[in-house]
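S.K.: The structure file work.pdb (PDB, C-alpha atoms) is provided below.
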MODEL        1
ATOM      1  CA  MET N 579     100.053  62.964  75.911
ATOM      2  CA  ARG N 580     102.051  66.179  76.261
ATOM      3  CA  ILE N 581     100.268  68.507  78.684
ATOM      4  CA  GLY N 582     101.065  72.016  79.864
ATOM      5  CA  ALA N 583     100.004  73.995  82.903
ATOM      6  CA  ILE N 584     100.689  77.494  84.184
ATOM      7  CA  ASP N 585     100.206  78.466  87.814
ATOM      8  CA  CYS N 586      99.841  82.195  88.363
ATOM      9  CA  GLY N 587     100.121  83.065  92.020
ATOM     10  CA  THR N 588     100.659  86.258  93.951
ATOM     11  CA  ASN N 589     104.438  86.068  93.651
ATOM     12  CA  SER N 590     105.381  83.709  90.834
ATOM     13  CA  LEU N 591     104.361  82.547  87.371
ATOM     14  CA  ARG N 592     105.289  78.912  86.800
ATOM     15  CA  LEU N 593     105.192  76.646  83.769
ATOM     16  CA  LEU N 594     105.159  72.845  83.620
ATOM     17  CA  ILE N 595     105.198  70.836  80.421
ATOM     18  CA  ALA N 596     105.047  67.104  81.017
ATOM     19  CA  ASP N 597     104.468  63.865  79.162
ATOM     20  CA  VAL N 598     101.734  61.996  81.009
ATOM     21  CA  GLU N 599     101.804  58.196  81.058
ATOM     22  CA  THR N 600      98.820  56.332  82.497
ATOM     23  CA  GLN N 601      98.919  52.658  83.446
ATOM     24  CA  ASN N 602      96.289  50.791  85.462
ATOM     25  CA  GLY N 603      94.567  54.073  86.236
ATOM     26  CA  VAL N 604      97.705  55.667  87.705
ATOM     27  CA  SER N 605      99.206  58.675  85.935
ATOM     28  CA  THR N 606     102.938  59.449  85.986
ATOM     29  CA  LEU N 607     104.408  62.777  84.969
ATOM     30  CA  HIS N 608     107.667  62.976  83.051
ATOM     31  CA  ASP N 609     108.882  66.576  83.148
ATOM     32  CA  VAL N 610     109.852  68.170  79.854
ATOM     33  CA  VAL N 611     110.042  71.790  81.075
ATOM     34  CA  ARG N 612     109.593  73.191  84.580
ATOM     35  CA  LEU N 613     110.183  76.937  84.973
ATOM     36  CA  MET N 614     109.495  79.657  87.513
ATOM     37  CA  ARG N 615     109.666  83.426  87.167
ATOM     38  CA  ILE N 616     108.970  85.882  89.986
ATOM     39  CA  VAL N 617     106.547  88.481  88.615
ATOM     40  CA  ARG N 618     104.881  89.687  91.863
ATOM     41  CA  LEU N 619     101.501  90.025  90.142
ATOM     42  CA  GLY N 620      99.881  90.594  93.523
ATOM     43  CA  GLU N 621     102.060  93.561  94.442
ATOM     44  CA  GLY N 622      99.858  96.035  96.290
ATOM     45  CA  VAL N 623      96.640  94.042  95.846
ATOM     46  CA  ASP N 624      96.097  93.595  99.601
ATOM     47  CA  ALA N 625      96.069  97.385 100.023
ATOM     48  CA  THR N 626      94.524  98.614  96.760
ATOM     49  CA  GLY N 627      92.356  95.699  95.657
ATOM     50  CA  LYS N 628      93.649  95.829  92.076
ATOM     51  CA  PHE N 629      96.582  94.936  89.852
ATOM     52  CA  SER N 630      99.069  97.678  89.026
ATOM     53  CA  GLU N 631     100.065  98.354  85.430
ATOM     54  CA  GLU N 632     103.672  97.457  86.251
ATOM     55  CA  ALA N 633     102.725  94.090  87.763
ATOM     56  CA  LEU N 634     100.523  93.242  84.796
ATOM     57  CA  GLU N 635     103.280  94.089  82.326
ATOM     58  CA  ARG N 636     105.820  91.945  84.214
ATOM     59  CA  THR N 637     103.386  89.051  84.085
ATOM     60  CA  PHE N 638     102.512  89.523  80.420
ATOM     61  CA  ASN N 639     106.213  89.601  79.479
ATOM     62  CA  VAL N 640     106.797  86.205  81.084
ATOM     63  CA  ALA N 641     103.580  84.845  79.544
ATOM     64  CA  ARG N 642     105.004  85.774  76.106
ATOM     65  CA  GLU N 643     108.169  83.835  76.943
ATOM     66  CA  TYR N 644     106.089  80.841  78.007
ATOM     67  CA  ALA N 645     103.943  81.024  74.855
ATOM     68  CA  GLN N 646     107.031  80.521  72.710
ATOM     69  CA  ILE N 647     108.229  77.580  74.825
ATOM     70  CA  ILE N 648     104.783  75.945  74.712
ATOM     71  CA  ALA N 649     104.701  76.223  70.920
ATOM     72  CA  GLU N 650     108.220  74.827  70.563
ATOM     73  CA  HIS N 651     107.360  71.723  72.620
ATOM     74  CA  GLY N 652     104.104  70.840  70.900
ATOM     75  CA  VAL N 653     101.831  71.006  73.927
ATOM     76  CA  GLN N 654      98.501  69.299  73.197
ATOM     77  CA  SER N 655      96.505  70.638  76.133
ATOM     78  CA  LEU N 656      97.073  73.680  78.349
ATOM     79  CA  ARG N 657      95.440  74.823  81.570
ATOM     80  CA  PHE N 658      96.137  78.220  83.162
ATOM     81  CA  GLY N 659      95.219  78.566  86.839
ATOM     82  CA  ALA N 660      95.175  81.945  88.585
ATOM     83  CA  THR N 661      94.878  82.000  92.359
ATOM     84  CA  SER N 662      94.851  84.373  95.342
ATOM     85  CA  ALA N 663      95.798  87.734  93.831
ATOM     86  CA  THR N 664      93.472  87.270  90.876
ATOM     87  CA  ARG N 665      90.605  86.280  93.145
ATOM     88  CA  ASP N 666      91.063  89.562  95.023
ATOM     89  CA  ALA N 667      91.723  91.997  92.160
ATOM     90  CA  THR N 668      88.803  94.135  90.996
ATOM     91  CA  ASN N 669      90.448  94.681  87.600
ATOM     92  CA  LYS N 670      91.057  90.987  86.901
ATOM     93  CA  ASP N 671      89.307  91.321  83.518
ATOM     94  CA  ILE N 672      92.344  93.190  82.138
ATOM     95  CA  PHE N 673      94.595  90.350  83.242
ATOM     96  CA  ILE N 674      92.303  87.638  81.860
ATOM     97  CA  GLN N 675      92.022  89.321  78.460
ATOM     98  CA  GLY N 676      95.780  89.911  78.280
ATOM     99  CA  ILE N 677      96.581  86.256  78.938
ATOM    100  CA  GLN N 678      93.897  85.165  76.464
ATOM    101  CA  ASP N 679      95.511  87.317  73.780
ATOM    102  CA  ILE N 680      99.011  85.989  74.497
ATOM    103  CA  LEU N 681      98.380  82.277  75.121
ATOM    104  CA  GLY N 682      95.066  81.609  73.449
ATOM    105  CA  VAL N 683      93.554  80.154  76.627
ATOM    106  CA  SER N 684      91.448  81.903  79.216
ATOM    107  CA  PRO N 685      92.892  81.888  82.742
ATOM    108  CA  GLU N 686      90.740  80.039  85.237
ATOM    109  CA  VAL N 687      90.297  82.018  88.440
ATOM    110  CA  ILE N 688      90.518  79.043  90.751
ATOM    111  CA  THR N 689      88.630  79.100  94.034
ATOM    112  CA  GLY N 690      90.553  78.611  97.252
ATOM    113  CA  ASP N 691      89.029  75.175  97.804
ATOM    114  CA  GLU N 692      89.854  74.060  94.263
ATOM    115  CA  GLU N 693      93.406  75.346  94.709
ATOM    116  CA  ALA N 694      93.701  73.256  97.864
ATOM    117  CA  LYS N 695      92.523  70.100  96.099
ATOM    118  CA  LEU N 696      94.893  70.568  93.167
ATOM    119  CA  SER N 697      97.792  71.174  95.565
ATOM    120  CA  PHE N 698      96.897  68.048  97.544
ATOM    121  CA  TYR N 699      96.993  65.689  94.588
ATOM    122  CA  GLY N 700     100.036  67.381  93.105
ATOM    123  CA  ALA N 701     101.986  67.214  96.369
ATOM    124  CA  LEU N 702     101.284  63.531  96.962
ATOM    125  CA  SER N 703     102.097  62.565  93.359
ATOM    126  CA  SER N 704     105.831  62.515  94.131
ATOM    127  CA  LEU N 705     105.779  61.000  97.637
ATOM    128  CA  ASP N 706     105.573  57.400  98.814
ATOM    129  CA  PRO N 707     102.076  56.175  99.759
ATOM    130  CA  TYR N 708     101.087  56.831 103.368
ATOM    131  CA  GLU N 709      98.418  54.912 105.249
ATOM    132  CA  GLY N 710      97.358  57.672 107.638
ATOM    133  CA  LYS N 711      95.767  61.089 107.207
ATOM    134  CA  THR N 712      97.886  63.699 105.460
ATOM    135  CA  LEU N 713      97.480  67.442 105.829
ATOM    136  CA  VAL N 714      98.869  69.290 102.816
ATOM    137  CA  ILE N 715      99.618  72.973 103.378
ATOM    138  CA  ASP N 716     100.300  75.239 100.413
ATOM    139  CA  LEU N 717     101.871  78.444 101.754
ATOM    140  CA  GLY N 718     101.710  80.945  98.918
ATOM    141  CA  GLY N 719     102.177  84.634  98.382
ATOM    142  CA  GLY N 720      98.597  85.700  99.012
ATOM    143  CA  SER N 721      96.863  82.701 100.547
ATOM    144  CA  THR N 722      97.516  79.435 102.347
ATOM    145  CA  GLU N 723      95.564  76.261 101.692
ATOM    146  CA  PHE N 724      94.907  73.476 104.217
ATOM    147  CA  VAL N 725      93.650  70.170 102.840
ATOM    148  CA  LEU N 726      93.202  66.902 104.736
ATOM    149  CA  GLY N 727      92.895  63.504 103.089
ATOM    150  CA  ASP N 728      94.464  60.119 102.502
ATOM    151  CA  ASN N 729      95.492  57.976  99.538
ATOM    152  CA  GLN N 730      91.879  57.271  98.589
ATOM    153  CA  SER N 731      89.993  60.475  99.229
ATOM    154  CA  LEU N 732      90.020  64.108 100.240
ATOM    155  CA  PHE N 733      88.123  64.960 103.424
ATOM    156  CA  ALA N 734      88.102  68.751 103.685
ATOM    157  CA  ALA N 735      89.885  71.841 102.381
ATOM    158  CA  ARG N 736      90.072  75.535 103.198
ATOM    159  CA  SER N 737      91.938  78.508 101.777
ATOM    160  CA  VAL N 738      92.744  81.436 104.074
ATOM    161  CA  ASN N 739      94.150  84.870 103.233
ATOM    162  CA  ILE N 740      97.611  84.697 104.746
ATOM    163  CA  GLY N 741     100.716  84.575 102.566
ATOM    164  CA  CYS N 742     104.284  85.809 102.515
ATOM    165  CA  VAL N 743     103.651  88.698 100.104
ATOM    166  CA  ARG N 744     100.304  89.764 101.573
ATOM    167  CA  LEU N 745     101.568  89.947 105.173
ATOM    168  CA  THR N 746     104.950  91.454 104.262
ATOM    169  CA  GLU N 747     103.149  94.341 102.575
ATOM    170  CA  ARG N 748     100.446  94.641 105.232
ATOM    171  CA  HIS N 749     102.924  94.941 108.109
ATOM    172  CA  GLN N 750     105.784  96.584 106.161
ATOM    173  CA  VAL N 751     108.129  93.860 107.339
ATOM    174  CA  SER N 752     111.807  94.750 107.479
ATOM    175  CA  ALA N 753     114.930  92.607 107.221
ATOM    176  CA  PRO N 754     115.799  91.683 109.863
ATOM    177  CA  MET N 755     112.271  91.472 111.228
ATOM    178  CA  THR N 756     111.362  93.295 114.439
ATOM    179  CA  GLU N 757     109.605  91.566 117.326
ATOM    180  CA  GLU N 758     106.564  93.804 116.836
ATOM    181  CA  GLN N 759     106.308  92.807 113.177
ATOM    182  CA  LYS N 760     106.623  89.141 114.113
ATOM    183  CA  GLN N 761     103.799  89.378 116.645
ATOM    184  CA  ARG N 762     101.523  91.090 114.118
ATOM    185  CA  ILE N 763     102.160  88.291 111.633
ATOM    186  CA  ILE N 764     101.468  85.647 114.269
ATOM    187  CA  ALA N 765      98.185  87.362 115.185
ATOM    188  CA  ASP N 766      97.084  87.135 111.556
ATOM    189  CA  VAL N 767      98.143  83.476 111.399
ATOM    190  CA  GLU N 768      96.160  82.682 114.557
ATOM    191  CA  GLU N 769      93.049  84.287 113.084
ATOM    192  CA  ALA N 770      93.496  82.331 109.853
ATOM    193  CA  LEU N 771      93.989  79.062 111.741
ATOM    194  CA  GLU N 772      90.692  79.611 113.539
ATOM    195  CA  GLU N 773      89.005  79.986 110.165
ATOM    196  CA  ALA N 774      90.696  76.840 108.843
ATOM    197  CA  LEU N 775      89.717  74.877 111.974
ATOM    198  CA  ALA N 776      86.066  75.675 111.353
ATOM    199  CA  HIS N 777      86.249  73.702 108.096
ATOM    200  CA  VAL N 778      89.153  71.236 108.401
ATOM    201  CA  GLN N 779      89.791  68.921 111.354
ATOM    202  CA  LEU N 780      93.466  69.808 111.678
ATOM    203  CA  SER N 781      93.714  67.774 114.886
ATOM    204  CA  GLN N 782      93.285  64.580 112.841
ATOM    205  CA  ALA N 783      96.478  65.112 110.856
ATOM    206  CA  GLN N 784      99.070  62.374 111.187
ATOM    207  CA  ARG N 785     101.480  63.675 108.563
ATOM    208  CA  VAL N 786     102.075  67.223 107.307
ATOM    209  CA  VAL N 787     103.309  67.952 103.789
ATOM    210  CA  GLY N 788     104.302  71.517 102.939
ATOM    211  CA  VAL N 789     104.539  72.890  99.412
ATOM    212  CA  ALA N 790     105.576  76.084  97.601
ATOM    213  CA  GLY N 791     108.633  78.315  97.682
ATOM    214  CA  THR N 792     108.606  79.367 101.332
ATOM    215  CA  VAL N 793     108.610  75.768 102.568
ATOM    216  CA  THR N 794     111.258  74.543 100.128
ATOM    217  CA  THR N 795     113.503  77.548 100.823
ATOM    218  CA  ILE N 796     113.347  76.785 104.558
ATOM    219  CA  VAL N 797     114.499  73.231 103.817
ATOM    220  CA  ALA N 798     117.373  74.591 101.725
ATOM    221  CA  GLU N 799     118.381  76.842 104.639
ATOM    222  CA  HIS N 800     118.339  73.899 107.044
ATOM    223  CA  TYR N 801     120.655  71.875 104.798
ATOM    224  CA  GLY N 802     122.863  74.868 104.007
ATOM    225  CA  LEU N 803     122.658  74.187 100.282
ATOM    226  CA  GLU N 804     125.086  76.086  98.085
ATOM    227  CA  SER N 805     122.493  76.154  95.289
ATOM    228  CA  TYR N 806     118.844  75.226  94.975
ATOM    229  CA  ASP N 807     118.580  71.449  94.512
ATOM    230  CA  PRO N 808     115.034  70.050  94.140
ATOM    231  CA  ARG N 809     116.337  66.492  94.530
ATOM    232  CA  ARG N 810     117.615  67.243  98.027
ATOM    233  CA  ILE N 811     114.461  69.100  98.979
ATOM    234  CA  ASN N 812     111.658  66.901  97.665
ATOM    235  CA  GLY N 813     110.598  64.432 100.356
ATOM    236  CA  ALA N 814     112.843  65.985 103.028
ATOM    237  CA  GLU N 815     111.357  65.617 106.511
ATOM    238  CA  LEU N 816     112.384  68.186 109.127
ATOM    239  CA  SER N 817     111.565  68.094 112.814
ATOM    240  CA  ILE N 818     109.681  71.018 114.340
ATOM    241  CA  GLN N 819     112.868  72.077 116.092
ATOM    242  CA  ASP N 820     114.830  72.099 112.826
ATOM    243  CA  ILE N 821     112.048  74.056 111.107
ATOM    244  CA  GLU N 822     111.964  76.656 113.875
ATOM    245  CA  GLN N 823     115.729  77.065 113.841
ATOM    246  CA  ALA N 824     115.863  77.594 110.059
ATOM    247  CA  CYS N 825     112.861  79.950 110.181
ATOM    248  CA  HIS N 826     114.341  82.045 112.992
ATOM    249  CA  SER N 827     117.601  82.341 111.056
ATOM    250  CA  LEU N 828     115.872  83.534 107.883
ATOM    251  CA  ALA N 829     113.654  86.026 109.731
ATOM    252  CA  GLN N 830     116.640  87.601 111.493
ATOM    253  CA  MET N 831     118.856  87.965 108.423
ATOM    254  CA  THR N 832     119.433  91.231 106.623
ATOM    255  CA  ALA N 833     118.375  91.401 102.984
ATOM    256  CA  GLU N 834     122.035  91.180 101.987
ATOM    257  CA  GLU N 835     122.538  88.030 104.046
ATOM    258  CA  ARG N 836     119.487  86.397 102.495
ATOM    259  CA  ALA N 837     120.577  87.360  98.988
ATOM    260  CA  GLY N 838     123.975  85.815  99.706
ATOM    261  CA  ARG N 839     122.450  82.375 100.178
ATOM    262  CA  GLY N 840     123.160  80.438  96.985
ATOM    263  CA  PHE N 841     119.733  78.781  97.003
ATOM    264  CA  MET N 842     117.754  82.008  97.478
ATOM    265  CA  HIS N 843     115.737  83.258  94.517
ATOM    266  CA  PRO N 844     116.080  87.078  94.309
ATOM    267  CA  GLY N 845     112.295  87.413  94.254
ATOM    268  CA  ARG N 846     112.001  85.788  97.691
ATOM    269  CA  VAL N 847     114.557  87.906  99.543
ATOM    270  CA  ASP N 848     112.064  90.459 100.853
ATOM    271  CA  VAL N 849     109.261  88.021 101.748
ATOM    272  CA  ILE N 850     110.992  84.880 103.050
ATOM    273  CA  GLY N 851     111.204  86.207 106.624
ATOM    274  CA  THR N 852     107.436  86.602 106.772
ATOM    275  CA  GLY N 853     106.897  83.195 105.174
ATOM    276  CA  ALA N 854     109.252  81.645 107.722
ATOM    277  CA  VAL N 855     107.306  83.087 110.667
ATOM    278  CA  ILE N 856     104.035  81.847 109.160
ATOM    279  CA  TRP N 857     105.391  78.322 108.607
ATOM    280  CA  ALA N 858     107.049  77.962 111.993
ATOM    281  CA  HIS N 859     103.909  79.082 113.817
ATOM    282  CA  ILE N 860     101.605  76.803 111.818
ATOM    283  CA  ILE N 861     103.768  73.750 112.490
ATOM    284  CA  ARG N 862     104.089  74.463 116.219
ATOM    285  CA  ARG N 863     100.316  74.948 116.518
ATOM    286  CA  LEU N 864      99.708  71.680 114.681
ATOM    287  CA  GLU N 865     101.898  69.886 117.202
ATOM    288  CA  GLN N 866      99.659  71.279 119.942
ATOM    289  CA  LEU N 867      96.399  70.544 118.128
ATOM    290  CA  THR N 868      97.364  66.922 117.404
ATOM    291  CA  GLY N 869      98.724  66.222 120.874
ATOM    292  CA  GLY N 870     102.208  65.627 119.486
ATOM    293  CA  ALA N 871     101.170  63.338 116.614
ATOM    294  CA  VAL N 872     102.608  65.959 114.286
ATOM    295  CA  TYR N 873     106.281  66.423 115.169
ATOM    296  CA  SER N 874     107.728  67.130 111.728
ATOM    297  CA  ALA N 875     106.842  68.279 108.218
ATOM    298  CA  THR N 876     107.770  66.859 104.829
ATOM    299  CA  ALA N 877     108.482  69.121 101.860
ATOM    300  CA  SER N 878     107.191  68.389  98.367
ATOM    301  CA  GLU N 879     108.494  70.068  95.227
ATOM    302  CA  HIS N 880     105.200  69.187  93.571
ATOM    303  CA  ASP N 881     101.981  71.101  94.110
ATOM    304  CA  ILE N 882      99.127  72.848  92.310
ATOM    305  CA  LEU N 883     101.182  73.005  89.113
ATOM    306  CA  ASP N 884     101.360  69.204  88.962
ATOM    307  CA  GLY N 885      97.708  69.044  89.981
ATOM    308  CA  LEU N 886      96.768  71.250  87.015
ATOM    309  CA  VAL N 887      98.553  68.830  84.659
ATOM    310  CA  LEU N 888      97.050  65.724  86.275
ATOM    311  CA  SER N 889      93.560  67.233  86.035
ATOM    312  CA  GLN N 890      93.857  67.130  82.210
ATOM    313  CA  ARG N 891      94.840  63.489  81.888
TER     314      ARG N 891
ENDMDL
END
Would you mind writing the file's structure down as structure tokens?
M.R.:
Amino acid sequence: MRIGAIDCGTNSLRLLIADVETQNGVSTLHDVVRLMRIVRLGEGVDATGKFSEEALERTFNVAREYAQIIAEHGVQSLRFGATSATRDATNKDIFIQGIQDILGVSPEVITGDEEAKLSFYGALSSLDPYEGKTLVIDLGGGSTEFVLGDNQSLFAARSVNIGCVRLTERHQVSAPMTEEQKQRIIADVEEALEEALAHVQLSQAQRVVGVAGTVTTIVAEHYGLESYDPRRINGAELSIQDIEQACHSLAQMTAEERAGRGFMHPGRVDVIGTGAVIWAHIIRRLEQLTGGAVYSATASEHDILDGLVLSQR
């Protein structure tokens, strides 16, 4: 069955079209099309509480492009998931109607907990089975999801309102980042971790899997990739020390230096420093919370987008 999914986050609009093969109850995705466009739908939402006309138009333009691709590839089922920015926007009805008119499907405004679950199953779909407890962390533009589970079941999930776009705008983060800006970001991360801890037993994590553009870009920085290569990134395990080194480097770069990295998407240049500080602090705190059981993090190129496809099988 040929299935399509669109993930509309705070920063990006992504499309996956895949042929789904199911044998013995296990579904395998065979990618036909996988695309990402930076539309920054959530621009200004943290401050104003609503979508701007410019952000909506950018998003609708890409949705029109995706509509043509979906038609050309004969997609049989399509699910559109909208996450953090759409949850927050008071004028989300304009967005929902616009997407309905363009694609013929109504966007689902996915709850934070549902987003976490979809990310969990999507992330693990491309990794080898693991016997212990895995904590999947989806670090997005407007929110970050923490979900703990294993190969058989999901134990707990929580979405918190920290993300690379939200905190960059809130603290007017520069490139390079100042120490004051860094400390403000860390304070927000600490508050969010306290919220997550009230719902998810982070101390039980034995493996950490990180998903989304911030995490994969940090891996690309560590390896010094000349261009973005998902095959090198998916499944890559970095030590906490390697993560911190790559994150510090990205946070201290000028915008021109970031843009000069061959793997860097132009739409991440202004927010990757904030995302790097968030990720480095989360991983270091997890090492402390688990008593050293967590000493590294694995990156997955697969996430909520894959989860949205798998949910239709």
S.K.: With all atoms listed in the file as the atoms that count, which of N:Ala875, N:Ile818, N:Val617, N:Leu607 lies nearest to N:Asp585?
M.R.: N:Val617
S.K.: Give as an MDAnalysis selection string the residues that the PyMOL selection byres ((chain N and resi 829) around 12) matches when applied to the coordinates above.
M.R.: chainID N and resid 742 746 751:757 759:760 763 792 796 799 822:828 830:833 835:836 847:858
S.K.: So, counting all atoms listed in the file, which residue among N:Leu726, N:Val683, N:Leu867, N:Leu619 is closest to N:Lys695?
M.R.: N:Leu726
S.K.: Apply the PyMOL selection byres ((chain N and resi 780) around 9) to the file shown and report the selected residues as a PDB file with C-alpha atoms, keeping the file's coordinate frame.
M.R.:
ATOM      1  CA  LEU N 713      97.480  67.442 105.829  1.00  0.00           C
ATOM      2  CA  PHE N 724      94.907  73.476 104.217  1.00  0.00           C
ATOM      3  CA  VAL N 725      93.650  70.170 102.840  1.00  0.00           C
ATOM      4  CA  LEU N 726      93.202  66.902 104.736  1.00  0.00           C
ATOM      5  CA  ALA N 774      90.696  76.840 108.843  1.00  0.00           C
ATOM      6  CA  LEU N 775      89.717  74.877 111.974  1.00  0.00           C
ATOM      7  CA  HIS N 777      86.249  73.702 108.096  1.00  0.00           C
ATOM      8  CA  VAL N 778      89.153  71.236 108.401  1.00  0.00           C
ATOM      9  CA  GLN N 779      89.791  68.921 111.354  1.00  0.00           C
ATOM     10  CA  SER N 781      93.714  67.774 114.886  1.00  0.00           C
ATOM     11  CA  GLN N 782      93.285  64.580 112.841  1.00  0.00           C
ATOM     12  CA  ALA N 783      96.478  65.112 110.856  1.00  0.00           C
ATOM     13  CA  LEU N 864      99.708  71.680 114.681  1.00  0.00           C
ATOM     14  CA  LEU N 867      96.399  70.544 118.128  1.00  0.00           C
ATOM     15  CA  THR N 868      97.364  66.922 117.404  1.00  0.00           C
TER      16      THR N 868
END
S.K.: Calculate how many Å separate atom CA of N:Val872 from atom CA of N:Phe733, rounding to one decimal.
M.R.: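 Atom-to-atom, atom CA of N:Val872 to atom CA of N:Phe733, that is 18.1 Å.
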S.K.: Pull out every residue that the PyMOL selection byres ((chain N and resi 877) around 9) matches in the shown coordinates and put them as a PDB file with C-alpha atoms, in the coordinates of the input.
M.R.:
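The result, stored in expr_7.pdb:
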ATOM      1  CA  ALA N 701     101.986  67.214  96.369  1.00  0.00           C
ATOM      2  CA  VAL N 786     102.075  67.223 107.307  1.00  0.00           C
ATOM      3  CA  VAL N 787     103.309  67.952 103.789  1.00  0.00           C
ATOM      4  CA  GLY N 788     104.302  71.517 102.939  1.00  0.00           C
ATOM      5  CA  VAL N 789     104.539  72.890  99.412  1.00  0.00           C
ATOM      6  CA  ALA N 790     105.576  76.084  97.601  1.00  0.00           C
ATOM      7  CA  VAL N 793     108.610  75.768 102.568  1.00  0.00           C
ATOM      8  CA  THR N 794     111.258  74.543 100.128  1.00  0.00           C
ATOM      9  CA  VAL N 797     114.499  73.231 103.817  1.00  0.00           C
ATOM     10  CA  ILE N 811     114.461  69.100  98.979  1.00  0.00           C
ATOM     11  CA  ASN N 812     111.658  66.901  97.665  1.00  0.00           C
ATOM     12  CA  GLY N 813     110.598  64.432 100.356  1.00  0.00           C
ATOM     13  CA  ALA N 814     112.843  65.985 103.028  1.00  0.00           C
ATOM     14  CA  GLU N 815     111.357  65.617 106.511  1.00  0.00           C
ATOM     15  CA  LEU N 816     112.384  68.186 109.127  1.00  0.00           C
ATOM     16  CA  ALA N 875     106.842  68.279 108.218  1.00  0.00           C
ATOM     17  CA  THR N 876     107.770  66.859 104.829  1.00  0.00           C
ATOM     18  CA  SER N 878     107.191  68.389  98.367  1.00  0.00           C
ATOM     19  CA  GLU N 879     108.494  70.068  95.227  1.00  0.00           C
ATOM     20  CA  HIS N 880     105.200  69.187  93.571  1.00  0.00           C
TER      21      HIS N 880
END
S.K.: What are the centre and edge lengths in Å, to one decimal, of the axis-aligned box around all listed atoms of stretch 865-883 of chain N with 8 Å added on each side, as lines of an AutoDock Vina configuration file?
M.R.:
center_x = 102.4
center_y = 68.2
center_z = 105.0
size_x = 28.1
size_y = 25.7
size_z = 47.8
S.K.: Tell me, as a CSV table (one decimal) with C-alpha atoms, keeping the file's coordinate frame, which residues lie within 10 Å of N:Gly840, counting all atoms listed in the file; anything in the same chain fewer than 6 positions away does not count.
M.R.:
chain,number,residue,atom,x,y,z
N,798,ALA,CA,117.4,74.6,101.7
N,799,GLU,CA,118.4,76.8,104.6
N,802,GLY,CA,122.9,74.9,104.0
N,803,LEU,CA,122.7,74.2,100.3
N,804,GLU,CA,125.1,76.1,98.1
N,805,SER,CA,122.5,76.2,95.3
N,806,TYR,CA,118.8,75.2,95.0
S.K.: Choose the residue, out of N:Val623, N:Leu886, N:Asn739, N:Gly838, that has the smallest atom-to-atom separation from N:Glu686; count only C-alpha atoms.
M.R.: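 The shortest atom-to-atom distance to N:Glu686 comes from N:Leu886.
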